[in-house]
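Student: Sharing data.cif, mmCIF, C-alpha atoms (C1' of nucleotides):
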data_query
#
loop_
_atom_site.label_atom_id
_atom_site.label_comp_id
_atom_site.auth_asym_id
_atom_site.auth_seq_id
_atom_site.Cartn_x
_atom_site.Cartn_y
_atom_site.Cartn_z
CA MET L 10 84.82 -73.98 -80.74
CA ALA L 11 86.37 -71.54 -78.34
CA THR L 12 85.14 -71.01 -74.80
CA GLU L 13 81.85 -69.18 -74.75
CA THR L 14 82.07 -68.14 -71.14
CA SER L 15 84.34 -65.75 -69.25
CA GLN L 16 84.41 -62.81 -71.55
CA ASP L 17 85.61 -59.39 -70.68
CA PRO L 18 85.80 -59.10 -66.89
CA ARG L 19 84.30 -55.64 -67.13
CA VAL L 20 80.99 -57.19 -68.05
CA GLU L 21 80.83 -59.11 -64.83
CA ARG L 22 81.95 -56.11 -62.88
CA SER L 23 79.26 -53.89 -64.37
CA LYS L 24 76.55 -56.47 -63.97
CA SER L 25 77.31 -57.12 -60.35
CA ALA L 26 77.62 -53.42 -59.57
CA VAL L 27 74.21 -52.84 -61.12
CA LEU L 28 72.59 -55.74 -59.32
CA GLU L 29 74.11 -54.78 -56.03
CA ALA L 30 72.75 -51.26 -56.33
CA ALA L 31 69.39 -52.59 -57.48
CA VAL L 32 69.12 -54.96 -54.53
CA ASP L 33 69.98 -52.18 -52.13
CA LEU L 34 67.35 -49.95 -53.65
CA LEU L 35 64.78 -52.71 -53.55
CA LEU L 36 65.41 -53.42 -49.90
CA GLU L 37 65.45 -49.77 -48.97
CA GLY L 38 62.58 -48.38 -50.93
CA GLY L 39 60.61 -51.20 -52.44
CA VAL L 40 59.98 -52.06 -56.05
CA GLY L 41 59.09 -48.50 -56.89
CA ALA L 42 62.51 -47.32 -55.85
CA VAL L 43 64.27 -49.54 -58.35
CA THR L 44 64.46 -47.07 -61.20
CA VAL L 45 67.12 -47.15 -63.85
CA GLU L 46 68.12 -43.66 -62.97
CA ALA L 47 68.62 -44.49 -59.32
CA ILE L 48 70.69 -47.50 -60.26
CA VAL L 49 72.83 -45.36 -62.55
CA GLU L 50 73.44 -42.91 -59.78
CA ARG L 51 74.21 -45.43 -57.09
CA SER L 52 76.22 -47.95 -59.08
CA GLY L 53 78.23 -45.56 -61.18
CA VAL L 54 77.39 -47.71 -64.17
CA ALA L 55 76.12 -45.78 -67.16
CA ARG L 56 72.58 -45.99 -68.39
CA SER L 57 73.71 -47.25 -71.75
CA THR L 58 75.72 -50.01 -70.16
CA ILE L 59 72.72 -51.20 -68.23
CA TYR L 60 70.67 -51.43 -71.38
CA ARG L 61 73.49 -53.30 -73.05
CA HIS L 62 73.08 -56.09 -70.53
CA TRP L 63 69.35 -56.08 -69.89
CA GLU L 64 66.54 -55.71 -72.35
CA SER L 65 64.35 -53.56 -70.19
CA ARG L 66 63.69 -52.40 -66.70
CA ARG L 67 61.46 -55.38 -66.26
CA GLU L 68 64.26 -57.84 -67.07
CA LEU L 69 66.49 -55.99 -64.71
CA LEU L 70 63.90 -56.16 -61.97
CA LEU L 71 63.57 -59.89 -62.48
CA ALA L 72 67.33 -60.27 -62.20
CA THR L 73 67.27 -58.16 -59.07
CA PHE L 74 64.78 -60.44 -57.42
CA ASP L 75 66.88 -63.40 -58.45
CA ALA L 76 69.95 -61.82 -56.92
CA LEU L 77 68.00 -61.43 -53.71
CA THR L 78 67.99 -65.05 -52.69
CA PRO L 79 69.71 -65.41 -49.37
CA PRO L 80 72.28 -68.13 -48.91
CA PRO L 81 70.65 -71.13 -47.27
CA ASP L 82 71.91 -71.84 -43.83
CA ASP L 83 72.22 -75.46 -42.87
CA PRO L 84 70.18 -76.32 -39.85
CA ARG L 85 71.88 -78.34 -37.16
CA VAL L 86 71.09 -82.01 -37.26
CA ASP L 87 72.07 -83.10 -33.79
CA GLY L 88 70.36 -82.82 -30.45
CA PRO L 89 66.73 -83.26 -29.53
CA LEU L 90 63.99 -82.12 -31.89
CA ARG L 91 63.05 -79.28 -29.61
CA ASP L 92 66.50 -77.77 -29.93
CA ARG L 93 66.78 -78.41 -33.64
CA LEU L 94 63.47 -76.73 -34.35
CA ALA L 95 64.18 -73.84 -32.03
CA ASP L 96 67.56 -73.26 -33.66
CA LEU L 97 66.04 -73.31 -37.09
CA LEU L 98 63.22 -70.97 -36.20
CA GLN L 99 65.53 -68.62 -34.36
CA SER L 100 67.98 -68.38 -37.22
CA ARG L 101 65.11 -67.72 -39.62
CA ALA L 102 63.65 -65.13 -37.29
CA ARG L 103 66.96 -63.38 -36.98
CA ARG L 104 67.31 -63.17 -40.72
CA ILE L 105 63.85 -62.01 -41.64
CA GLY L 106 63.85 -59.71 -38.64
CA SER L 107 67.01 -58.02 -39.85
CA VAL L 108 66.59 -54.57 -41.22
CA PRO L 109 66.87 -55.19 -44.95
CA TRP L 110 64.66 -58.26 -45.02
CA ALA L 111 62.01 -56.98 -42.68
CA ALA L 112 61.49 -54.07 -45.00
CA ALA L 113 61.75 -56.14 -48.15
CA ILE L 114 59.25 -58.85 -47.41
CA PRO L 115 56.10 -56.73 -47.67
CA THR L 116 57.38 -55.33 -50.94
CA LEU L 117 58.16 -58.80 -52.18
CA LEU L 118 54.75 -60.11 -51.28
CA ASP L 119 53.03 -57.19 -52.90
CA ALA L 120 55.03 -57.20 -56.10
CA THR L 121 54.82 -60.94 -56.54
CA SER L 122 51.11 -61.07 -55.86
CA ARG L 123 50.23 -59.14 -58.95
CA ASP L 124 52.89 -60.21 -61.38
CA PRO L 125 52.86 -63.77 -62.71
CA GLU L 126 56.55 -63.70 -63.59
CA LEU L 127 57.54 -62.49 -60.17
CA ALA L 128 55.31 -65.09 -58.60
CA GLY L 129 57.88 -67.66 -59.57
CA VAL L 130 60.48 -65.80 -57.59
CA ARG L 131 58.31 -65.81 -54.51
CA GLU L 132 57.62 -69.50 -54.88
CA ARG L 133 61.31 -70.20 -55.04
CA LEU L 134 62.01 -68.20 -51.91
CA VAL L 135 59.10 -69.74 -50.07
CA GLU L 136 60.09 -73.21 -51.11
CA GLN L 137 63.60 -72.67 -49.91
CA HIS L 138 62.25 -71.45 -46.62
CA ARG L 139 59.82 -74.31 -46.22
CA GLY L 140 62.35 -76.89 -47.29
CA ALA L 141 64.48 -76.34 -44.23
CA PHE L 142 61.51 -76.89 -41.94
CA ARG L 143 60.27 -79.83 -43.94
CA ARG L 144 63.60 -81.62 -43.80
CA THR L 145 63.85 -81.16 -40.07
CA LEU L 146 60.32 -82.36 -39.52
CA GLU L 147 60.61 -85.33 -41.85
CA ARG L 148 63.71 -86.48 -40.13
CA ALA L 149 61.90 -86.19 -36.81
CA VAL L 150 59.15 -88.40 -38.16
CA GLU L 151 61.69 -90.96 -39.34
CA GLU L 152 63.27 -91.05 -35.92
CA GLY L 153 59.95 -91.37 -34.20
CA GLU L 154 60.10 -87.97 -32.57
CA LEU L 155 56.88 -87.02 -34.33
CA PRO L 156 53.92 -89.17 -35.32
CA ALA L 157 53.95 -90.43 -38.90
CA THR L 158 50.59 -88.79 -39.45
CA THR L 159 52.10 -85.33 -39.10
CA ASP L 160 50.87 -83.00 -41.83
CA MET L 161 54.01 -81.21 -42.93
CA SER L 162 52.35 -78.24 -44.53
CA GLU L 163 50.19 -77.70 -41.50
CA ALA L 164 53.08 -78.08 -39.12
CA ILE L 165 55.11 -75.51 -40.99
CA SER L 166 52.22 -73.06 -40.88
CA GLN L 167 51.94 -73.52 -37.16
CA ILE L 168 55.63 -73.08 -36.51
CA ALA L 169 56.55 -70.35 -38.97
CA GLY L 170 53.18 -68.58 -38.94
CA PRO L 171 53.54 -66.86 -35.57
CA MET L 172 56.93 -65.55 -36.58
CA PHE L 173 55.62 -63.98 -39.78
CA TYR L 174 52.63 -62.66 -37.91
CA ARG L 175 54.89 -60.70 -35.59
CA LEU L 176 57.06 -59.53 -38.43
CA LEU L 177 54.35 -58.47 -40.85
CA ILE L 178 51.16 -57.85 -38.93
CA SER L 179 51.70 -56.92 -35.33
CA ARG L 180 55.29 -55.73 -35.74
CA GLU L 181 56.33 -57.06 -32.39
CA PRO L 182 59.97 -57.95 -31.80
CA LEU L 183 61.15 -61.39 -32.81
CA ASP L 184 63.27 -62.59 -29.94
CA ASP L 185 64.70 -66.03 -29.40
CA ALA L 186 62.47 -66.68 -26.41
CA PHE L 187 59.39 -66.23 -28.53
CA ALA L 188 60.67 -68.68 -31.12
CA ARG L 189 61.35 -71.24 -28.42
CA ARG L 190 57.87 -70.91 -26.96
CA VAL L 191 56.33 -71.36 -30.39
CA VAL L 192 58.28 -74.56 -30.82
CA ASP L 193 57.29 -75.72 -27.37
CA LEU L 194 53.66 -75.04 -28.10
CA PHE L 195 53.87 -77.06 -31.27
CA LEU L 196 55.59 -79.97 -29.60
CA ALA L 197 53.46 -79.94 -26.47
CA SER L 198 50.43 -81.10 -28.38
CA ARG L 199 52.20 -83.62 -30.59
CA GLN L 200 54.76 -85.33 -28.46
CA ARG L 201 54.39 -87.82 -25.74
CA MET F 262 24.71 -18.90 -37.45
CA ALA F 263 23.16 -21.15 -40.02
CA THR F 264 23.82 -24.85 -40.23
CA GLU F 265 27.35 -25.54 -41.31
CA THR F 266 26.78 -29.13 -42.24
CA SER F 267 24.73 -30.79 -44.96
CA GLN F 268 25.36 -28.53 -47.85
CA ASP F 269 24.73 -29.47 -51.38
CA PRO F 270 23.90 -33.19 -51.56
CA ARG F 271 26.04 -33.45 -54.67
CA VAL F 272 29.09 -33.07 -52.51
CA GLU F 273 28.33 -36.23 -50.60
CA ARG F 274 27.52 -38.05 -53.79
CA SER F 275 30.75 -37.06 -55.45
CA LYS F 276 32.82 -37.88 -52.39
CA SER F 277 31.39 -41.32 -51.98
CA ALA F 278 31.64 -42.06 -55.68
CA VAL F 279 35.30 -41.09 -55.60
CA LEU F 280 36.07 -43.12 -52.50
CA GLU F 281 34.24 -46.13 -53.80
CA ALA F 282 36.22 -46.06 -57.02
CA ALA F 283 39.45 -45.47 -55.12
CA VAL F 284 38.83 -48.41 -52.81
CA ASP F 285 38.07 -50.65 -55.76
CA LEU F 286 41.26 -49.60 -57.49
CA LEU F 287 43.28 -50.11 -54.34
CA LEU F 288 41.96 -53.60 -53.84
CA GLU F 289 42.37 -54.54 -57.47
CA GLY F 290 45.71 -53.09 -58.32
CA GLY F 291 47.40 -51.90 -55.19
CA VAL F 292 48.45 -48.44 -54.15
CA GLY F 293 50.08 -47.79 -57.48
CA ALA F 294 46.77 -48.26 -59.24
CA VAL F 295 45.11 -45.47 -57.31
CA THR F 296 45.82 -42.67 -59.74
CA VAL F 297 43.67 -39.60 -60.04
CA GLU F 298 43.06 -40.37 -63.65
CA ALA F 299 41.87 -43.87 -62.95
CA ILE F 300 39.52 -42.55 -60.29
CA VAL F 301 38.16 -39.96 -62.70
CA GLU F 302 37.50 -42.62 -65.28
CA ARG F 303 35.89 -45.11 -62.97
CA SER F 304 33.85 -42.78 -60.78
CA GLY F 305 32.68 -40.39 -63.46
CA VAL F 306 33.65 -37.56 -61.15
CA ALA F 307 35.75 -34.86 -62.73
CA ARG F 308 39.32 -34.17 -61.85
CA SER F 309 38.48 -30.67 -60.72
CA THR F 310 35.79 -31.92 -58.41
CA ILE F 311 38.19 -34.31 -56.78
CA TYR F 312 40.64 -31.55 -56.07
CA ARG F 313 37.86 -29.45 -54.64
CA HIS F 314 37.32 -32.03 -51.93
CA TRP F 315 40.84 -33.25 -51.30
CA GLU F 316 43.99 -31.23 -51.09
CA SER F 317 46.16 -33.69 -52.91
CA ARG F 318 46.46 -37.22 -54.12
CA ARG F 319 48.05 -38.05 -50.82
CA GLU F 320 45.05 -36.82 -48.82
CA LEU F 321 42.81 -38.79 -51.08
CA LEU F 322 44.87 -41.90 -50.56
CA LEU F 323 44.63 -41.46 -46.80
CA ALA F 324 40.87 -41.14 -47.07
CA THR F 325 40.80 -44.23 -49.24
CA PHE F 326 42.58 -46.27 -46.62
CA ASP F 327 40.21 -44.93 -44.03
CA ALA F 328 37.25 -45.97 -46.12
CA LEU F 329 38.69 -49.42 -46.27
CA THR F 330 38.01 -50.47 -42.72
CA PRO F 331 35.76 -53.50 -42.73
CA PRO F 332 32.76 -53.63 -40.46
CA PRO F 333 33.62 -55.50 -37.27
CA ASP F 334 31.78 -58.73 -36.84
CA ASP F 335 30.80 -59.66 -33.32
CA PRO F 336 32.18 -62.99 -32.25
CA ARG F 337 29.81 -65.39 -30.58
CA VAL F 338 30.02 -65.43 -26.82
CA ASP F 339 28.38 -68.74 -26.00
CA GLY F 340 29.60 -72.29 -26.09
CA PRO F 341 32.95 -73.76 -25.12
CA LEU F 342 36.14 -71.84 -25.77
CA ARG F 343 37.14 -74.23 -28.51
CA ASP F 344 34.06 -73.37 -30.51
CA ARG F 345 34.24 -69.67 -29.81
CA LEU F 346 37.84 -69.46 -30.94
CA ALA F 347 37.25 -71.62 -33.99
CA ASP F 348 34.28 -69.49 -35.01
CA LEU F 349 36.28 -66.34 -34.64
CA LEU F 350 39.25 -67.64 -36.56
CA GLN F 351 37.10 -69.08 -39.29
CA SER F 352 35.16 -65.88 -39.80
CA ARG F 353 38.42 -63.95 -39.96
CA ALA F 354 39.88 -66.45 -42.36
CA ARG F 355 36.87 -66.23 -44.62
CA ARG F 356 37.14 -62.49 -44.76
CA ILE F 357 40.83 -62.11 -45.35
CA GLY F 358 40.74 -65.05 -47.71
CA SER F 359 38.10 -63.35 -49.83
CA VAL F 360 39.27 -62.04 -53.14
CA PRO F 361 39.46 -58.32 -52.47
CA TRP F 362 41.14 -58.61 -49.09
CA ALA F 363 43.57 -61.32 -50.01
CA ALA F 364 44.86 -59.11 -52.77
CA ALA F 365 44.80 -55.95 -50.69
CA ILE F 366 46.71 -57.08 -47.64
CA PRO F 367 50.16 -57.31 -49.24
CA THR F 368 49.67 -53.85 -50.72
CA LEU F 369 48.53 -52.54 -47.38
CA LEU F 370 51.50 -53.97 -45.56
CA ASP F 371 53.91 -52.64 -48.12
CA ALA F 372 52.45 -49.17 -48.35
CA THR F 373 52.12 -48.77 -44.62
CA SER F 374 55.60 -50.03 -43.92
CA ARG F 375 57.26 -47.14 -45.67
CA ASP F 376 54.88 -44.33 -44.95
CA PRO F 377 54.57 -43.04 -41.37
CA GLU F 378 51.15 -41.55 -41.99
CA LEU F 379 49.79 -44.75 -43.42
CA ALA F 380 51.30 -46.68 -40.56
CA GLY F 381 48.51 -45.35 -38.38
CA VAL F 382 45.98 -46.89 -40.68
CA ARG F 383 47.61 -50.26 -40.40
CA GLU F 384 47.77 -50.02 -36.64
CA ARG F 385 44.08 -49.30 -36.52
CA LEU F 386 43.24 -52.29 -38.69
CA VAL F 387 45.56 -54.58 -36.77
CA GLU F 388 44.22 -53.38 -33.45
CA GLN F 389 40.69 -54.05 -34.55
CA HIS F 390 41.70 -57.50 -35.64
CA ARG F 391 43.58 -58.27 -32.46
CA GLY F 392 40.87 -56.84 -30.26
CA ALA F 393 38.42 -59.54 -31.21
CA PHE F 394 40.88 -62.25 -30.28
CA ARG F 395 41.95 -60.49 -27.13
CA ARG F 396 38.40 -60.12 -25.86
CA THR F 397 37.65 -63.77 -26.46
CA LEU F 398 40.84 -64.86 -24.76
CA GLU F 399 40.45 -62.52 -21.79
CA ARG F 400 36.99 -63.76 -21.18
CA ALA F 401 38.30 -67.31 -21.29
CA VAL F 402 40.85 -66.41 -18.64
CA GLU F 403 38.14 -64.88 -16.46
CA GLU F 404 36.08 -68.02 -16.72
CA GLY F 405 39.00 -70.24 -15.94
CA GLU F 406 39.17 -71.80 -19.38
CA LEU F 407 42.70 -70.55 -19.79
CA PRO F 408 45.40 -70.02 -17.17
CA ALA F 409 45.73 -66.49 -15.82
CA THR F 410 49.33 -66.45 -16.93
CA THR F 411 48.36 -66.57 -20.61
CA ASP F 412 50.32 -64.04 -22.64
CA MET F 413 47.68 -62.46 -24.84
CA SER F 414 50.00 -61.12 -27.49
CA GLU F 415 51.74 -64.45 -27.77
CA ALA F 416 48.49 -66.37 -27.90
CA ILE F 417 47.19 -64.20 -30.70
CA SER F 418 50.38 -64.72 -32.69
CA GLN F 419 50.02 -68.45 -32.29
CA ILE F 420 46.39 -68.53 -33.31
CA ALA F 421 46.27 -65.94 -36.07
CA GLY F 422 49.82 -66.47 -37.33
CA PRO F 423 49.23 -69.74 -39.17
CA MET F 424 46.27 -68.21 -40.95
CA PHE F 425 48.27 -65.25 -42.21
CA TYR F 426 51.12 -67.54 -43.13
CA ARG F 427 48.86 -69.49 -45.45
CA LEU F 428 47.34 -66.35 -46.86
CA LEU F 429 50.50 -64.37 -47.44
CA ILE F 430 53.45 -66.72 -47.62
CA SER F 431 52.52 -70.20 -48.72
CA ARG F 432 49.27 -69.25 -50.45
CA GLU F 433 47.54 -72.40 -49.38
CA PRO F 434 43.76 -72.44 -49.07
CA LEU F 435 42.22 -71.29 -45.82
CA ASP F 436 39.54 -73.81 -45.02
CA ASP F 437 37.54 -74.15 -41.85
CA ALA F 438 39.17 -77.43 -40.96
CA PHE F 439 42.57 -75.81 -40.87
CA ALA F 440 41.33 -73.07 -38.58
CA ARG F 441 39.87 -75.63 -36.23
CA ARG F 442 43.07 -77.60 -36.05
CA VAL F 443 45.03 -74.46 -35.29
CA VAL F 444 42.71 -73.75 -32.40
CA ASP F 445 42.98 -77.31 -31.19
CA LEU F 446 46.75 -77.14 -31.31
CA PHE F 447 46.70 -74.00 -29.27
CA LEU F 448 44.31 -75.38 -26.69
CA ALA F 449 45.94 -78.80 -26.48
CA SER F 450 49.00 -77.38 -24.84
CA ARG F 451 47.21 -74.93 -22.55
CA GLN F 452 44.11 -76.61 -21.31
CA ARG F 453 43.68 -79.25 -18.76
"C1'" DG A 128 12.59 -17.60 -60.74
"C1'" DT A 129 17.12 -16.51 -59.72
"C1'" DA A 130 21.62 -16.43 -57.56
"C1'" DT A 131 25.00 -19.49 -56.24
"C1'" DA A 132 27.63 -23.32 -55.62
"C1'" DA A 133 29.04 -27.62 -57.48
"C1'" DC A 134 29.83 -29.76 -61.43
"C1'" DG A 135 32.25 -31.93 -65.96
"C1'" DA A 136 35.39 -31.31 -69.71
"C1'" DA A 137 39.56 -29.87 -71.14
"C1'" DA A 138 43.85 -27.83 -71.14
"C1'" DC A 139 48.31 -26.53 -69.06
"C1'" DG A 140 53.16 -26.81 -67.03
"C1'" DA A 141 56.13 -29.53 -64.24
"C1'" DT A 142 58.23 -33.67 -63.02
"C1'" DA A 143 59.82 -38.33 -63.27
"C1'" DC A 144 60.82 -42.12 -65.76
"C1'" DA A 145 61.92 -45.65 -69.64
"C1'" DG A 146 64.27 -46.24 -73.44
"C1'" DT A 147 67.39 -44.77 -77.66
"C1'" DA A 148 71.28 -42.83 -80.09
"C1'" DG A 149 75.68 -40.90 -80.89
"C1'" DC A 150 80.41 -40.21 -79.60
"C1'" DG A 151 84.70 -40.23 -77.58
"C1'" DT A 152 87.45 -42.98 -74.10
"C1'" DT A 153 89.16 -46.97 -71.68
"C1'" DT A 154 90.14 -51.68 -71.14
"C1'" DC A 155 90.67 -56.13 -72.62
"C1'" DG A 156 92.41 -60.26 -75.29
"C1'" DT A 157 95.64 -61.60 -78.46
"C1'" DA S 186 100.92 -52.91 -80.33
"C1'" DC S 187 96.40 -53.06 -81.92
"C1'" DG S 188 91.64 -54.04 -82.94
"C1'" DA S 189 87.38 -55.06 -80.76
"C1'" DA S 190 84.47 -54.56 -77.24
"C1'" DA S 191 82.84 -52.41 -73.24
"C1'" DC S 192 82.52 -48.35 -71.21
"C1'" DG S 193 80.76 -43.43 -69.55
"C1'" DC S 194 78.61 -39.36 -70.91
"C1'" DT S 195 75.07 -36.55 -72.76
"C1'" DA S 196 71.15 -35.36 -75.12
"C1'" DC S 197 66.99 -36.72 -76.85
"C1'" DT S 198 62.07 -38.79 -77.44
"C1'" DG S 199 57.92 -40.39 -75.56
"C1'" DT S 200 54.82 -41.47 -71.85
"C1'" DA S 201 52.46 -41.08 -67.47
"C1'" DT S 202 51.10 -38.66 -63.69
"C1'" DC S 203 50.27 -34.85 -60.68
"C1'" DG S 204 48.65 -30.45 -59.42
"C1'" DT S 205 46.21 -26.48 -61.07
"C1'" DT S 206 43.29 -23.51 -63.76
"C1'" DT S 207 39.68 -22.02 -66.91
"C1'" DC S 208 35.19 -22.12 -68.65
"C1'" DG S 209 30.70 -23.28 -69.73
"C1'" DT S 210 26.86 -26.16 -67.67
"C1'" DT S 211 23.76 -27.87 -64.22
"C1'" DA S 212 21.66 -28.75 -59.94
"C1'" DT S 213 20.44 -26.84 -55.63
"C1'" DA S 214 18.75 -23.52 -52.11
"C1'" DC S 215 16.14 -19.67 -51.15
#
Take the structure in the file and write it out as structure tokens.
Tutor:
Amino acid sequence: MATETSQDPRVERSKSAVLEAAVDLLLEGGVGAVTVEAIVERSGVARSTIYRHWESRRELLLATFDALTPPPDDPRVDGPLRDRLADLLQSRARRIGSVPWAAAIPTLLDATSRDPELAGVRERLVEQHRGAFRRTLERAVEEGELPATTDMSEAISQIAGPMFYRLLISREPLDDAFARRVVDLFLASRQR
Amino acid sequence: MATETSQDPRVERSKSAVLEAAVDLLLEGGVGAVTVEAIVERSGVARSTIYRHWESRRELLLATFDALTPPPDDPRVDGPLRDRLADLLQSRARRIGSVPWAAAIPTLLDATSRDPELAGVRERLVEQHRGAFRRTLERAVEEGELPATTDMSEAISQIAGPMFYRLLISREPLDDAFARRVVDLFLASRQR
DNA sequence: GTATAACGAAACGATACAGTAGCGTTTCGT
DNA sequence: ACGAAACGCTACTGTATCGTTTCGTTATAC
């Protein structure tokens, strides 16, 4: 009958302290660095408390990945397509080029490639990432800025691909000018 | 005075058996799967023998990454640029889309991103990969098929990026048609 | 044929980690 | 104020791995 939620505030405090430490460890040292002991040390939360709230290290790791989701940033919806796409790509590039994410993405890809449960986490992150591009592109199609035959999945690969290539493979800097040229290249072949 | 090389042939046999097993384990299960015990079990070579030939697990891991380098395939040099680029991209896509490599690349990126010594291995692999594209593009510039102002590094990002995006991020299939469209997109905005 | 080097099997100590249990203390809701 | 719950602390078990050594066997070179 009574309210099931909002129990002892200490529970929330402990949980968030643990997750915060776990996320930090994940971003700094990869999945392998997320040990219970390291979390205990960094968070100040006791080992026993952690196991009171999570069944196992695995559960905790899952929760850590969940806590990792970045807040979605709303892309601008005004101005010409070229500017909207460039803004979107630049904001994405700035985020994934930032220190914690640049280091975390390889770890994420690796961990999620071999673990079916973690694969869901990756799909969610990827879908969130692709959604922003898809919405911008679909709107452009509706407004006639892009042909109706545009293959969304292919377009996203062509726009976001070069950015990830520089981040993951060649490790070149991701500056705004590069993002703009990628957008221009994409548009040059599609637009009138 | 005597010949220093080519000692007991068993040495070579053991070494290659160990490396072969280590490479298999790396491709199958990532860096974490390359344990000395697993190598012992799979290769049939004894623990002691392994430590006779390598100082430590770390040395062995380095050697494993070195043994990983794929044989370079020579891109075709005839025909129009469109076909040459498409051929190159398709052959690359087929390789990195193949089961062992598709699974290995995330592990490689992760491991090499946090380990300065392994970083050299990644650079070597990336450079080999980029070299093939660079040579094809430079030749195209010489022959007037591309403008002399073409930024090689940028061009490679734009051509190879979408492929890696599909492989690593979106996990979509890498078919030849996709590769060709990527090339066409690139050329459409550059060529007369 | 024999000496020698490489070999395989097995054991060892050290380290790191996950997970469990007990106990006294602190904080919360009522 | 008081009981319940959450907490921190500590010690413990069990497992996995590494690095190293010993020892008896086997293949190779001469």
Student: State, in Å with one decimal place, the distance from atom C1' of A:DA143 to atom C1' of S:DT205.
Tutor: 18.2 Å
Student: Using all atoms listed in the file and a cut-off of 12 Å, which residues of chain F sit close to chain S? Please list them as a list in words.
Tutor: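 Therefore, the residues near the partner are Ser267, Gln268, Asp269, Pro270, Arg271, Val272, Gly293, Ala294, Val295, Thr296, Val297, Glu298, Ala299, Arg308, Ser309, Ile311, Tyr312, Arg313, Trp315, Glu316, Ser317, Arg318 and Arg319 of chain F.
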Student: Define the interface residues of chain A facing chain F as those within 12 Å, counting all atoms listed in the file, and report them as an NGL selection string.
Tutor: :A and (131-137)
Student: Please tabulate, as CSV, the residues of chain L that come within 7 Å of chain F, each with its closest pair of atoms and the distance in Å to one decimal, counting all atoms listed in the file and ordering rows by chain, then residue number upward.
Tutor:
residue,atom,partner,partner_atom,distance
L:Pro115,CA,F:Asp371,CA,4.7
L:Thr116,CA,F:Asp371,CA,5.2
L:Leu118,CA,F:Pro367,CA,5.8
L:Asp119,CA,F:Pro367,CA,4.7
L:Val135,CA,F:Ser431,CA,6.7
L:Ser166,CA,F:Pro423,CA,4.8
L:Gln167,CA,F:Pro423,CA,5.1
L:Gly170,CA,F:Pro423,CA,4.1
L:Pro171,CA,F:Gly422,CA,4.1
L:Phe173,CA,F:Tyr426,CA,6.6
L:Tyr174,CA,F:Gly422,CA,4.8
L:Arg175,CA,F:Ser418,CA,6.7
L:Ile178,CA,F:Val387,CA,6.8
L:Ser179,CA,F:Val387,CA,6.7
L:Leu194,CA,F:Ser450,CA,6.1
L:Ala197,CA,F:Ser450,CA,5.4
L:Ser198,CA,F:Ser450,CA,5.3
Student: What does the distance from atom CA of L:Asp83 to atom CA of L:Thr158 come to in Å, to one decimal?
Tutor: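 That distance, rounded to one decimal, is 25.6 Å.
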Student: What is the distance, in Å and to one decimal place, between atom CA of L:Ala76 and atom CA of L:Leu34?
Tutor: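 Going from atom CA of L:Ala76 over to atom CA of L:Leu34 covers 12.6 Å.
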Student: With a distance cut-off of 12 Å and all atoms listed in the file, select the neighbouring residues of L:Val86, excluding the residue or stretch itself and same-chain residues fewer than 5 positions from it, and output the selection as a PDB file with C-alpha atoms, in the frame of the given file.
Tutor:
ATOM      1  CA  ARG L  91      63.050 -79.280 -29.610  1.00  0.00           C
ATOM      2  CA  ASP L  92      66.500 -77.770 -29.930  1.00  0.00           C
ATOM      3  CA  ARG L  93      66.780 -78.410 -33.640  1.00  0.00           C
ATOM      4  CA  LEU L  94      63.470 -76.730 -34.350  1.00  0.00           C
ATOM      5  CA  ALA L  95      64.180 -73.840 -32.030  1.00  0.00           C
ATOM      6  CA  ASP L  96      67.560 -73.260 -33.660  1.00  0.00           C
ATOM      7  CA  LEU L  97      66.040 -73.310 -37.090  1.00  0.00           C
ATOM      8  CA  ALA L 141      64.480 -76.340 -44.230  1.00  0.00           C
ATOM      9  CA  PHE L 142      61.510 -76.890 -41.940  1.00  0.00           C
ATOM     10  CA  ARG L 144      63.600 -81.620 -43.800  1.00  0.00           C
ATOM     11  CA  THR L 145      63.850 -81.160 -40.070  1.00  0.00           C
ATOM     12  CA  LEU L 146      60.320 -82.360 -39.520  1.00  0.00           C
ATOM     13  CA  GLU L 147      60.610 -85.330 -41.850  1.00  0.00           C
ATOM     14  CA  ARG L 148      63.710 -86.480 -40.130  1.00  0.00           C
ATOM     15  CA  ALA L 149      61.900 -86.190 -36.810  1.00  0.00           C
TER      16      ALA L 149
END
Student: Within 10 Å of (36.6, -75.2, -42.6) (file coordinates; all atoms listed in the file), which protein or nucleic acid residues are there? I'd like them as a list in words.
Tutor: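 The answer, in the requested form, is Ala347, Asp348, Gln351, Ser352, Ala354, Arg355, Leu435, Asp436, Asp437, Ala438, Phe439, Ala440, Arg441 and Arg442 of chain F.
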Student: Can you complete the atoms of stretch 132-136 of chain L to N, CA and C atoms and list them as a PDB file, in the coordinates of the input?
Tutor:
ATOM      1  N   GLU L 132      57.731 -68.073 -55.135  1.00  0.00           N
ATOM      2  CA  GLU L 132      57.620 -69.500 -54.880  1.00  0.00           C
ATOM      3  C   GLU L 132      58.976 -70.121 -54.564  1.00  0.00           C
ATOM      4  N   ARG L 133      59.975 -69.665 -55.279  1.00  0.00           N
ATOM      5  CA  ARG L 133      61.310 -70.200 -55.040  1.00  0.00           C
ATOM      6  C   ARG L 133      61.793 -69.853 -53.634  1.00  0.00           C
ATOM      7  N   LEU L 134      61.587 -68.604 -53.248  1.00  0.00           N
ATOM      8  CA  LEU L 134      62.010 -68.200 -51.910  1.00  0.00           C
ATOM      9  C   LEU L 134      61.228 -68.946 -50.841  1.00  0.00           C
ATOM     10  N   VAL L 135      59.919 -69.052 -51.054  1.00  0.00           N
ATOM     11  CA  VAL L 135      59.100 -69.740 -50.070  1.00  0.00           C
ATOM     12  C   VAL L 135      59.492 -71.199 -49.975  1.00  0.00           C
ATOM     13  N   GLU L 136      59.742 -71.787 -51.110  1.00  0.00           N
ATOM     14  CA  GLU L 136      60.090 -73.210 -51.110  1.00  0.00           C
ATOM     15  C   GLU L 136      61.403 -73.459 -50.398  1.00  0.00           C
TER      16      GLU L 136
END
